[in-house]
Amino acid sequence: MDHNTIALLMFSSLLLMMLTGQRVFGAIGFVAVIAALTLWGPGGTDMGFSAVMKLMKWTPLLTLPMFVFMGYVMSESRLAEDLYRMFHVWFGPLPGGLAIGTILLMVLISAMNGLSVAGMAIGATIALPELVRRNYDKLMISGVIQAGSSLGILIPPSVVLVLFALIARQPVSNLWLAGIGPGLLMAVMFIAYITIRTWLNPQLAPRMSAAERASIPRAEKYKLLRAGLLPIFIFAAMMVPFINGWASLTEASVVGVAATVLVAAIKRRLSWRVFETATKQTLHITVMFMLIITAALSFGAVFDGLGAGRAIQNFFTSDLGLAPWMILVLMQLSFLFLGMFLDDTAMLVIVAPVFVGLAKALGFDLIWYGVLYTITCQIAYLTPPFGYNLFLMKALAPPEFTLPVIYRSVLPFVLVMVLTLVLIMVFPQIALWLPQTVLGR
Amino acid sequence: QETIKWRLQTYAGPALAEEVVKPAIEAFNTIANGQMEIELYTSDQLVPTGELFRAMQNGTIDAVQSDDDSMASPTEVTVFGGYFPFALRYSLDVPALFNSWGLKEIWEEEYAKVGIKHISAGSWDPCNFNMKEPVNSLEDLRGKRVFTFPTAGRFLAQFGVIPVTIPWEDVEVALQTGELDGLAWSGITEDYTSGWSKVAPYFLTNNISGAWIGHFFANMERWNAVPAHLQQLLQTCFDQSHYHRQWWYWAGEAKLRVEGADMTLTSLPTEDYAKLEEAAHKFWDEVAAESPLKAKVVDIIRKYNETMVKAGVPYRY
Amino acid sequence: MPRFLVRYVQIVETINRTFGRVAMYLLFVMMGIMVWSMITKFAHIPALWTLEMAQFTLVAYYMLGAPWTMQSEVNVRMDLIYARFSHKGRALTDALTVFFLMTYLGIMLYGAFDSTVYSYTYNERNPTAWRPVLWPLKSIITFSFALMLLQATALLIRDIATLRGEKI
Ligand code: NA
Ligand code: NA
């Protein structure tokens, strides 16, 4: 069978298997082992299992359960409550203030954990009830929380960037630093959007009343600022030893866990229930990730070994004969398209090896490409029909947040994210300035 | 007639493979003219390096380029793969030992026992340290996490070095994230080729071995299924690739020490280096005590080195 | 449903839950190993085993936890169409597509078993300076895939029960 046919066959059966609704890891794994069994020749049966051993040697994956655990301790122990109260008091009086405060809260939460799950959980349990009580527009609430929490994977620490680093074999520290500028830019663009929307239509986001404002004593307002120290402490506890080389990435993630648990204990929020739930959820999420990565790694290796990987690269570079920039745009578009259907981990492990190879061959900076990739993942979280944040929102929000409301709410934010993506494509320095300045390369 | 297709996985990552194996594979494919085709895969691309041997044994991979040590061959000779400390001084020592001093027969026999054809052995670069911080004495190595080969790691642990084995492709990242303090893995040519010279810019000129031994292996059944003229062509192309590496490394080692812009050279005091060599000879005895076959190989290495010393300049200075 | 099948499902799920609940605490073993690694690094004492042991623990952690995770509906599905099905519709598709999952797990089990036999026969060691033998870890992986396969059969029985309007 010729290489193009194999590539087409493997991808189409993958999409078909996904559509059956079977667990994603089972769907990917099945296509991988069957392709190996039928097309590889002798010894093909080993291709599935060898991925387990390959995965074991990917040291940075040790950070995955750590970051997940941190996120759960943070959301389960409601550590972000004071933080939100701070934003509430300080930003409430502004038009759309509480929505802006929510975005800022999400930025800080993103700086403390590596996924968007924790942001979603915190947003839905702490910010959402308050926003509802203040009669904010449902579309605004749902959009703000989903878009804001997606920043978790762009602002360091970020699990998605760790995975990208493993696939692209790029330094995690450069990627993390490269995520900061774009993450902040995106937050600013969200805030700009909220401001403009609420300025045009104040009903979407009612302001805090003068009476309520007057009822908050000045002393309390300043006291609340102390809540802002929490994320700074946790972020610093993790990043300072890491950037200075005192602790490796995996060790730094354990320091982060220790800092979070310490804060929760000091605040007397670390009950046995919190601890047990966080431990259990961490296992579930880690298993989910690892099983998908294992299956996807086998898929990738079988795909490569059958010559299909080369076929795709040749198709883009020789057959189509496109300019590098056109190929880059095409890659981003196909990522966005796949993101509507595929889970981001699967997308990364299956598609990225091909695309990363291509981006490298075309001479693009892989650190910059990693940031572009991460933003497409963020968008994928929010684009219907299949997106993590969409599902989490449905699961966590009260019933009046119906699926159509959730789907519609993300659209303006997706547009803002696409705009950010374009800005970073045109001005790579938004991402690259920081790592080049700090690490000198 | 259908083309015979082989998958060959090398231990080297893409940047290095470009120099150390790709030319030979391309030459083979050109000359074989459609009768046989080798598809080249780089480190960990199809199977992880740790599973490489088993994969070749099962036929998942047809052929492999690696040292015995990193692919964990279940043979008696594995300990001599990679860098057996102070066994070799120059890269020509490898073909001399294999072809004139009898190592080739031993290797062929040991691998045949586990279903593998040993095709050919060739030399690569010396094993120097390249570190994030300068090393000026043995004491400076204490507590350092160093990426190295298993056997070299076993040897170096007595000097307080913490040997780390991770996938080759992750080394640069690990140097940046603090997982590693340096490498005892290659000469200066590979440091520059892999980009390690930028992240670990101190090069220790004293090596613990003058050359690395790399082999080509194949699954025995697959080898036997190839017609004689193609077997000969495989042998010839692989042998030729050793020659390519020989001048590439030899030229690079000297030139980059003198002209390389990234790395600062440091050296050990003579008495420290002598301590290392003395420890190596003790290590040889330990290994020789493990089995009669190992004793036989150590004996050959010892006699070879004694001969070199007696021969004097230019074999020994 | 026949009583022995119900009993089978209960036994399999209890075993898997038990292993999962124990495995979930391996998280803290991993943390402990890395803390020890940091301490020895500062004290300049070589600790050859920490990184590898952490890797082994991570594998044991998620492999032994996997069968339990399959019980609870945590693993992502792409439920573009699936979500629109009725309760029974989902049970029906699941009862059919679970065979794909079983095929995958079966081949993984075969590969893991084969690799374990190899590592036992040759006393395979991790190619590192510490050189730990690999058969204990590979046995754990094999055992976990066996449990996952059992869990998949339990899921199938549950789906059939749902189709018959029963509940286990
Ligand atoms: Na983050
Ligand atoms: Na999506």
# chains A, B, ... in the order shown; residues from 1 in each chain; ligands from 1
$ residues_near_ligand --ligand "ligand 1" --cutoff "8 Å" --atoms "only C-alpha atoms and all ligand atoms" --output "list in words"
Ile109, Ser110, Ala111, Met112, Asn113, Gly114, Leu115, Ser116, Leu151, Gly152, Ile153, Leu154, Ile155, Pro156, Pro157, Ser158 and Val159 of chain A
$ closest_atom_pairs --of "stretch 129-192 of chain B" --to "stretch 124-135 of chain C" --cutoff "10 Å" --atoms "only C-alpha atoms" --output "CSV"
residue,atom,partner,partner_atom,distance
B:Phe147,CA,C:Thr128,CA,9.8
B:Thr148,CA,C:Thr128,CA,8.5
B:Phe149,CA,C:Thr128,CA,7.0
B:Pro150,CA,C:Thr128,CA,4.3
B:Thr151,CA,C:Ala129,CA,6.5
B:Ala152,CA,C:Ala129,CA,7.8
B:Gly153,CA,C:Ala129,CA,5.0
B:Arg154,CA,C:Ala129,CA,4.9
B:Phe155,CA,C:Ala129,CA,8.5
B:Leu156,CA,C:Ala129,CA,9.2
B:Ala157,CA,C:Ala129,CA,8.1
B:Ile162,CA,C:Ala129,CA,8.7
B:Pro163,CA,C:Ala129,CA,6.1
B:Val164,CA,C:Thr128,CA,7.0
B:Thr165,CA,C:Thr128,CA,5.6
B:Ile166,CA,C:Thr128,CA,8.8
$ write_last_selection --atoms "N, CA and C atoms" --output "short mmCIF file (atom, residue, chain, number, x, y, z; two decimals), in the first residue's frame"
data_model
loop_
_atom_site.label_atom_id
_atom_site.label_comp_id
_atom_site.auth_asym_id
_atom_site.auth_seq_id
_atom_site.Cartn_x
_atom_site.Cartn_y
_atom_site.Cartn_z
N PHE B 147 24.88 13.37 32.36
CA PHE B 147 24.31 12.45 31.38
C PHE B 147 25.44 11.61 30.81
N THR B 148 25.36 10.31 30.97
CA THR B 148 26.44 9.47 30.47
C THR B 148 25.94 8.07 30.19
N PHE B 149 26.84 7.23 29.67
CA PHE B 149 26.50 5.85 29.37
C PHE B 149 26.48 5.04 30.67
N PRO B 150 25.67 3.98 30.69
CA PRO B 150 25.55 3.20 31.93
C PRO B 150 26.89 2.77 32.52
N THR B 151 27.77 2.20 31.68
CA THR B 151 29.04 1.69 32.23
C THR B 151 29.92 2.84 32.70
N ALA B 152 30.01 3.89 31.90
CA ALA B 152 30.79 5.06 32.32
C ALA B 152 30.22 5.61 33.62
N GLY B 153 28.91 5.58 33.75
CA GLY B 153 28.27 6.07 34.96
C GLY B 153 28.64 5.23 36.18
N ARG B 154 28.64 3.91 35.97
CA ARG B 154 29.02 3.00 37.05
C ARG B 154 30.43 3.33 37.53
N PHE B 155 31.31 3.61 36.57
CA PHE B 155 32.70 3.92 36.88
C PHE B 155 32.82 5.28 37.58
N LEU B 156 32.09 6.26 37.08
CA LEU B 156 32.26 7.63 37.58
C LEU B 156 31.60 7.86 38.93
N ALA B 157 30.65 6.98 39.29
CA ALA B 157 29.92 7.17 40.55
C ALA B 157 30.87 7.24 41.75
N ILE B 162 26.81 11.92 39.76
CA ILE B 162 25.50 11.26 39.73
C ILE B 162 25.14 11.02 38.27
N PRO B 163 25.29 9.78 37.80
CA PRO B 163 25.02 9.52 36.39
C PRO B 163 23.51 9.52 36.11
N VAL B 164 23.14 10.15 35.03
CA VAL B 164 21.73 10.22 34.65
C VAL B 164 21.61 9.69 33.23
N THR B 165 20.60 8.86 33.00
CA THR B 165 20.34 8.40 31.64
C THR B 165 18.95 8.85 31.23
N ILE B 166 18.89 9.65 30.20
CA ILE B 166 17.59 10.11 29.69
C ILE B 166 17.64 10.00 28.17
#
$ interface_residues --of "chain B" --to "chain C" --cutoff "12 Å" --atoms "only C-alpha atoms" --output "PyMOL selection string"
chain B and resi 48-55+57-58+60+67-76+78-79+81-82+114+139-167+178-181
$ interface_residues --of "chain A" --to "chain B" --cutoff "9 Å" --atoms "only C-alpha atoms" --output "ChimeraX atom specification"
/A:40-47,50-51,53-55,57-59,165-166,169-174,242-250,298,300-302,304-305,307
$ residues_near_ligand --ligand "ligand 2" --cutoff "9 Å" --atoms "only C-alpha atoms and all ligand atoms" --output "list in words"
Leu336, Phe337, Leu338, Gly339, Met340, Phe341, Leu342, Asp343, Asp344, Cys377, Gln378, Ile379, Ala380, Tyr381, Leu382, Thr383, Pro384, Pro385, Phe386, Gly387, Tyr388, Asn389 and Leu390 of chain A
$ interface_residues --of "chain C" --to "chain A" --cutoff "7 Å" --atoms "only C-alpha atoms" --output "mmCIF file with all heavy atoms, in the first residue's frame"
data_model
loop_
_atom_site.group_PDB
_atom_site.id
_atom_site.type_symbol
_atom_site.label_atom_id
_atom_site.label_comp_id
_atom_site.auth_asym_id
_atom_site.auth_seq_id
_atom_site.Cartn_x
_atom_site.Cartn_y
_atom_site.Cartn_z
ATOM 1 N N MET C 24 -3.666 5.733 44.254
ATOM 2 C CA MET C 24 -3.775 7.188 44.248
ATOM 3 C C MET C 24 -2.836 7.842 45.259
ATOM 4 O O MET C 24 -2.445 8.983 45.096
ATOM 5 C CB MET C 24 -5.221 7.646 44.442
ATOM 6 C CG MET C 24 -5.758 7.630 45.846
ATOM 7 S SD MET C 24 -7.516 8.091 45.805
ATOM 8 C CE MET C 24 -7.751 8.579 47.515
ATOM 9 N N MET C 31 6.268 12.475 45.297
ATOM 10 C CA MET C 31 6.711 13.747 45.883
ATOM 11 C C MET C 31 7.873 13.503 46.840
ATOM 12 O O MET C 31 8.865 14.233 46.822
ATOM 13 C CB MET C 31 5.571 14.417 46.635
ATOM 14 C CG MET C 31 4.486 14.949 45.740
ATOM 15 S SD MET C 31 3.241 15.783 46.731
ATOM 16 C CE MET C 31 1.919 15.917 45.546
ATOM 17 N N MET C 34 11.124 12.976 45.049
ATOM 18 C CA MET C 34 11.701 14.191 44.468
ATOM 19 C C MET C 34 12.242 15.124 45.542
ATOM 20 O O MET C 34 13.246 15.805 45.322
ATOM 21 C CB MET C 34 10.688 14.864 43.569
ATOM 22 C CG MET C 34 10.593 14.108 42.249
ATOM 23 S SD MET C 34 9.677 14.939 41.000
ATOM 24 C CE MET C 34 8.089 14.210 41.217
ATOM 25 N N VAL C 35 11.589 15.135 46.691
ATOM 26 C CA VAL C 35 12.115 15.940 47.796
ATOM 27 C C VAL C 35 13.468 15.377 48.223
ATOM 28 O O VAL C 35 14.433 16.117 48.424
ATOM 29 C CB VAL C 35 11.122 15.961 48.983
ATOM 30 C CG1 VAL C 35 11.787 16.543 50.220
ATOM 31 C CG2 VAL C 35 9.886 16.778 48.621
ATOM 32 N N MET C 38 16.077 16.428 45.893
ATOM 33 C CA MET C 38 16.517 17.815 46.121
ATOM 34 C C MET C 38 17.488 17.885 47.302
ATOM 35 O O MET C 38 18.501 18.577 47.241
ATOM 36 C CB MET C 38 15.299 18.692 46.429
ATOM 37 C CG MET C 38 14.788 19.443 45.227
ATOM 38 S SD MET C 38 13.476 20.585 45.679
ATOM 39 C CE MET C 38 12.100 19.505 45.901
ATOM 40 N N GLN C 55 10.149 7.815 38.052
ATOM 41 C CA GLN C 55 9.516 7.390 36.794
ATOM 42 C C GLN C 55 8.746 6.085 36.976
ATOM 43 O O GLN C 55 7.612 5.963 36.515
ATOM 44 C CB GLN C 55 10.590 7.197 35.711
ATOM 45 C CG GLN C 55 11.209 8.500 35.235
ATOM 46 C CD GLN C 55 12.399 8.280 34.305
ATOM 47 O OE1 GLN C 55 13.045 7.237 34.336
ATOM 48 N NE2 GLN C 55 12.695 9.273 33.490
ATOM 49 N N LEU C 58 5.567 6.734 38.816
ATOM 50 C CA LEU C 58 4.539 7.355 37.972
ATOM 51 C C LEU C 58 3.840 6.293 37.120
ATOM 52 O O LEU C 58 2.615 6.301 36.989
ATOM 53 C CB LEU C 58 5.154 8.441 37.075
ATOM 54 C CG LEU C 58 4.193 9.106 36.095
ATOM 55 C CD1 LEU C 58 3.097 9.884 36.820
ATOM 56 C CD2 LEU C 58 4.915 10.040 35.125
ATOM 57 N N VAL C 59 4.626 5.371 36.558
ATOM 58 C CA VAL C 59 4.027 4.322 35.730
ATOM 59 C C VAL C 59 3.076 3.462 36.569
ATOM 60 O O VAL C 59 1.931 3.223 36.183
ATOM 61 C CB VAL C 59 5.112 3.449 35.062
ATOM 62 C CG1 VAL C 59 4.476 2.266 34.347
ATOM 63 C CG2 VAL C 59 5.918 4.271 34.078
ATOM 64 N N TYR C 62 -0.247 5.473 37.414
ATOM 65 C CA TYR C 62 -1.351 5.625 36.460
ATOM 66 C C TYR C 62 -1.806 4.296 35.888
ATOM 67 O O TYR C 62 -2.971 4.134 35.539
ATOM 68 C CB TYR C 62 -1.027 6.654 35.362
ATOM 69 C CG TYR C 62 -0.184 6.183 34.210
ATOM 70 C CD1 TYR C 62 -0.751 5.545 33.115
ATOM 71 C CD2 TYR C 62 1.181 6.405 34.194
ATOM 72 C CE1 TYR C 62 0.035 5.134 32.043
ATOM 73 C CE2 TYR C 62 1.961 6.005 33.131
ATOM 74 C CZ TYR C 62 1.387 5.364 32.071
ATOM 75 O OH TYR C 62 2.152 4.955 31.012
ATOM 76 N N GLY C 65 -3.978 2.731 38.538
ATOM 77 C CA GLY C 65 -5.175 3.558 38.714
ATOM 78 C C GLY C 65 -6.122 3.474 37.526
ATOM 79 O O GLY C 65 -7.308 3.794 37.642
ATOM 80 N N ALA C 66 -5.589 3.042 36.379
ATOM 81 C CA ALA C 66 -6.382 3.081 35.149
ATOM 82 C C ALA C 66 -7.678 2.255 35.198
ATOM 83 O O ALA C 66 -8.730 2.753 34.789
ATOM 84 C CB ALA C 66 -5.514 2.664 33.965
ATOM 85 N N THR C 69 -10.256 4.146 36.999
ATOM 86 C CA THR C 69 -10.705 5.311 36.236
ATOM 87 C C THR C 69 -11.674 4.911 35.122
ATOM 88 O O THR C 69 -12.592 5.653 34.805
ATOM 89 C CB THR C 69 -9.479 6.044 35.659
ATOM 90 O OG1 THR C 69 -8.633 6.419 36.740
ATOM 91 C CG2 THR C 69 -9.874 7.282 34.897
ATOM 92 N N VAL C 74 -14.624 9.022 33.560
ATOM 93 C CA VAL C 74 -13.722 10.158 33.509
ATOM 94 C C VAL C 74 -13.067 10.277 32.150
ATOM 95 O O VAL C 74 -12.835 11.364 31.652
ATOM 96 C CB VAL C 74 -12.620 10.060 34.584
ATOM 97 C CG1 VAL C 74 -11.966 11.411 34.771
ATOM 98 C CG2 VAL C 74 -13.206 9.582 35.886
ATOM 99 N N ASN C 75 -12.755 9.123 31.539
ATOM 100 C CA ASN C 75 -12.037 9.172 30.271
ATOM 101 C C ASN C 75 -12.841 9.904 29.206
ATOM 102 O O ASN C 75 -14.016 9.636 29.021
ATOM 103 C CB ASN C 75 -11.704 7.764 29.800
ATOM 104 C CG ASN C 75 -10.657 7.133 30.681
ATOM 105 O OD1 ASN C 75 -9.543 7.614 30.747
ATOM 106 N ND2 ASN C 75 -11.033 6.095 31.403
ATOM 107 N N VAL C 76 -12.155 10.832 28.537
ATOM 108 C CA VAL C 76 -12.859 11.664 27.565
ATOM 109 C C VAL C 76 -13.383 10.831 26.414
ATOM 110 O O VAL C 76 -12.727 9.924 25.928
ATOM 111 C CB VAL C 76 -11.908 12.693 26.909
ATOM 112 C CG1 VAL C 76 -12.608 14.008 26.732
ATOM 113 C CG2 VAL C 76 -10.601 12.777 27.605
ATOM 114 N N ARG C 77 -14.558 11.205 25.971
ATOM 115 C CA ARG C 77 -15.109 10.642 24.748
ATOM 116 C C ARG C 77 -15.399 11.811 23.837
ATOM 117 O O ARG C 77 -15.649 12.916 24.301
ATOM 118 C CB ARG C 77 -16.442 9.937 25.018
ATOM 119 C CG ARG C 77 -16.360 8.796 25.989
ATOM 120 C CD ARG C 77 -17.771 8.523 26.479
ATOM 121 N NE ARG C 77 -17.836 7.412 27.409
ATOM 122 C CZ ARG C 77 -17.991 6.140 27.047
ATOM 123 N NH1 ARG C 77 -18.109 5.822 25.784
ATOM 124 N NH2 ARG C 77 -18.037 5.199 27.949
ATOM 125 N N MET C 78 -15.368 11.573 22.543
ATOM 126 C CA MET C 78 -15.760 12.641 21.648
ATOM 127 C C MET C 78 -17.239 12.462 21.371
ATOM 128 O O MET C 78 -17.621 11.737 20.461
ATOM 129 C CB MET C 78 -14.954 12.576 20.371
ATOM 130 C CG MET C 78 -14.945 13.906 19.708
ATOM 131 S SD MET C 78 -14.226 13.804 18.136
ATOM 132 C CE MET C 78 -15.642 13.332 17.241
ATOM 133 N N ASP C 79 -18.062 13.085 22.218
ATOM 134 C CA ASP C 79 -19.476 12.719 22.149
ATOM 135 C C ASP C 79 -20.305 13.643 21.265
ATOM 136 O O ASP C 79 -21.362 14.110 21.633
ATOM 137 C CB ASP C 79 -20.088 12.620 23.540
ATOM 138 C CG ASP C 79 -19.635 13.741 24.437
ATOM 139 O OD1 ASP C 79 -18.926 14.637 23.942
ATOM 140 O OD2 ASP C 79 -19.981 13.727 25.618
ATOM 141 N N LEU C 80 -19.786 13.880 20.081
ATOM 142 C CA LEU C 80 -20.462 14.695 19.097
ATOM 143 C C LEU C 80 -21.845 14.130 18.789
ATOM 144 O O LEU C 80 -22.851 14.835 18.804
ATOM 145 C CB LEU C 80 -19.593 14.677 17.836
ATOM 146 C CG LEU C 80 -19.933 15.596 16.708
ATOM 147 C CD1 LEU C 80 -20.003 17.013 17.212
ATOM 148 C CD2 LEU C 80 -18.861 15.472 15.631
ATOM 149 N N ILE C 81 -21.891 12.830 18.518
ATOM 150 C CA ILE C 81 -23.160 12.170 18.194
ATOM 151 C C ILE C 81 -23.649 11.426 19.430
ATOM 152 O O ILE C 81 -24.813 11.487 19.787
ATOM 153 C CB ILE C 81 -22.945 11.164 17.040
ATOM 154 C CG1 ILE C 81 -22.389 11.900 15.823
ATOM 155 C CG2 ILE C 81 -24.241 10.449 16.703
ATOM 156 C CD1 ILE C 81 -21.969 10.986 14.696
ATOM 157 N N TYR C 82 -22.693 10.767 20.077
ATOM 158 C CA TYR C 82 -22.964 9.932 21.244
ATOM 159 C C TYR C 82 -23.826 10.639 22.281
ATOM 160 O O TYR C 82 -24.755 10.066 22.831
ATOM 161 C CB TYR C 82 -21.594 9.569 21.826
ATOM 162 C CG TYR C 82 -21.584 8.652 23.022
ATOM 163 C CD1 TYR C 82 -21.640 7.282 22.850
ATOM 164 C CD2 TYR C 82 -21.469 9.165 24.301
ATOM 165 C CE1 TYR C 82 -21.581 6.430 23.940
ATOM 166 C CE2 TYR C 82 -21.403 8.332 25.400
ATOM 167 C CZ TYR C 82 -21.467 6.958 25.210
ATOM 168 O OH TYR C 82 -21.403 6.139 26.293
ATOM 169 N N ASP C 94 -21.971 1.537 23.147
ATOM 170 C CA ASP C 94 -20.854 1.139 24.010
ATOM 171 C C ASP C 94 -20.639 -0.360 23.972
ATOM 172 O O ASP C 94 -19.502 -0.827 23.906
ATOM 173 C CB ASP C 94 -21.130 1.559 25.455
ATOM 174 C CG ASP C 94 -20.467 2.870 25.773
ATOM 175 O OD1 ASP C 94 -19.676 3.339 24.916
ATOM 176 O OD2 ASP C 94 -20.729 3.428 26.849
ATOM 177 N N THR C 97 -18.881 -0.909 20.660
ATOM 178 C CA THR C 97 -17.534 -0.346 20.473
ATOM 179 C C THR C 97 -16.557 -0.781 21.553
ATOM 180 O O THR C 97 -15.362 -0.611 21.393
ATOM 181 C CB THR C 97 -17.563 1.188 20.422
ATOM 182 O OG1 THR C 97 -18.108 1.669 21.655
ATOM 183 C CG2 THR C 97 -18.375 1.700 19.261
ATOM 184 N N PHE C 100 -13.640 -2.714 20.374
ATOM 185 C CA PHE C 100 -12.436 -2.017 19.889
ATOM 186 C C PHE C 100 -11.483 -1.789 21.054
ATOM 187 O O PHE C 100 -10.285 -2.014 20.954
ATOM 188 C CB PHE C 100 -12.804 -0.670 19.258
ATOM 189 C CG PHE C 100 -13.678 -0.790 18.045
ATOM 190 C CD1 PHE C 100 -14.877 -0.099 17.946
ATOM 191 C CD2 PHE C 100 -13.285 -1.599 16.977
ATOM 192 C CE1 PHE C 100 -15.671 -0.212 16.814
ATOM 193 C CE2 PHE C 100 -14.079 -1.720 15.849
ATOM 194 C CZ PHE C 100 -15.279 -1.021 15.767
ATOM 195 N N LEU C 101 -12.062 -1.313 22.149
ATOM 196 C CA LEU C 101 -11.265 -1.065 23.346
ATOM 197 C C LEU C 101 -10.591 -2.352 23.816
ATOM 198 O O LEU C 101 -9.405 -2.370 24.138
ATOM 199 C CB LEU C 101 -12.173 -0.498 24.448
ATOM 200 C CG LEU C 101 -11.516 -0.149 25.774
ATOM 201 C CD1 LEU C 101 -10.530 0.973 25.594
ATOM 202 C CD2 LEU C 101 -12.571 0.256 26.803
ATOM 203 N N THR C 103 -9.858 -4.980 22.030
ATOM 204 C CA THR C 103 -8.795 -5.356 21.099
ATOM 205 C C THR C 103 -7.516 -4.625 21.464
ATOM 206 O O THR C 103 -6.435 -5.215 21.557
ATOM 207 C CB THR C 103 -9.196 -4.988 19.654
ATOM 208 O OG1 THR C 103 -10.491 -5.497 19.415
ATOM 209 C CG2 THR C 103 -8.210 -5.541 18.654
ATOM 210 N N TYR C 104 -7.652 -3.306 21.656
ATOM 211 C CA TYR C 104 -6.484 -2.502 22.003
ATOM 212 C C TYR C 104 -5.841 -3.022 23.291
ATOM 213 O O TYR C 104 -4.641 -3.298 23.334
ATOM 214 C CB TYR C 104 -6.891 -1.034 22.150
ATOM 215 C CG TYR C 104 -5.795 -0.142 22.694
ATOM 216 C CD1 TYR C 104 -4.565 -0.035 22.046
ATOM 217 C CD2 TYR C 104 -5.994 0.613 23.855
ATOM 218 C CE1 TYR C 104 -3.568 0.784 22.540
ATOM 219 C CE2 TYR C 104 -5.001 1.434 24.349
ATOM 220 C CZ TYR C 104 -3.784 1.508 23.688
ATOM 221 O OH TYR C 104 -2.799 2.325 24.193
ATOM 222 N N ILE C 107 -4.080 -6.410 22.876
ATOM 223 C CA ILE C 107 -2.770 -6.366 22.223
ATOM 224 C C ILE C 107 -1.733 -5.722 23.143
ATOM 225 O O ILE C 107 -0.577 -6.137 23.188
ATOM 226 C CB ILE C 107 -2.877 -5.652 20.860
ATOM 227 C CG1 ILE C 107 -3.693 -6.537 19.919
ATOM 228 C CG2 ILE C 107 -1.496 -5.376 20.268
ATOM 229 C CD1 ILE C 107 -3.990 -5.953 18.573
ATOM 230 N N MET C 108 -2.155 -4.726 23.913
ATOM 231 C CA MET C 108 -1.245 -4.122 24.888
ATOM 232 C C MET C 108 -0.834 -5.165 25.933
ATOM 233 O O MET C 108 0.324 -5.251 26.320
ATOM 234 C CB MET C 108 -1.904 -2.931 25.601
ATOM 235 C CG MET C 108 -2.151 -1.725 24.715
ATOM 236 S SD MET C 108 -0.664 -1.056 23.975
ATOM 237 C CE MET C 108 -0.152 0.092 25.240
ATOM 238 N N GLY C 111 1.668 -7.515 24.373
ATOM 239 C CA GLY C 111 2.984 -6.866 24.266
ATOM 240 C C GLY C 111 3.653 -6.762 25.626
ATOM 241 O O GLY C 111 4.847 -7.032 25.774
ATOM 242 N N ALA C 112 2.878 -6.393 26.634
ATOM 243 C CA ALA C 112 3.428 -6.223 27.978
ATOM 244 C C ALA C 112 3.893 -7.563 28.538
ATOM 245 O O ALA C 112 4.975 -7.667 29.119
ATOM 246 C CB ALA C 112 2.382 -5.600 28.898
#
$ closest_residue --among "A:Leu322, A:Phe401, A:Arg133, A:Phe275" --to "C:Phe28" --atoms "only C-alpha atoms"
A:Phe275
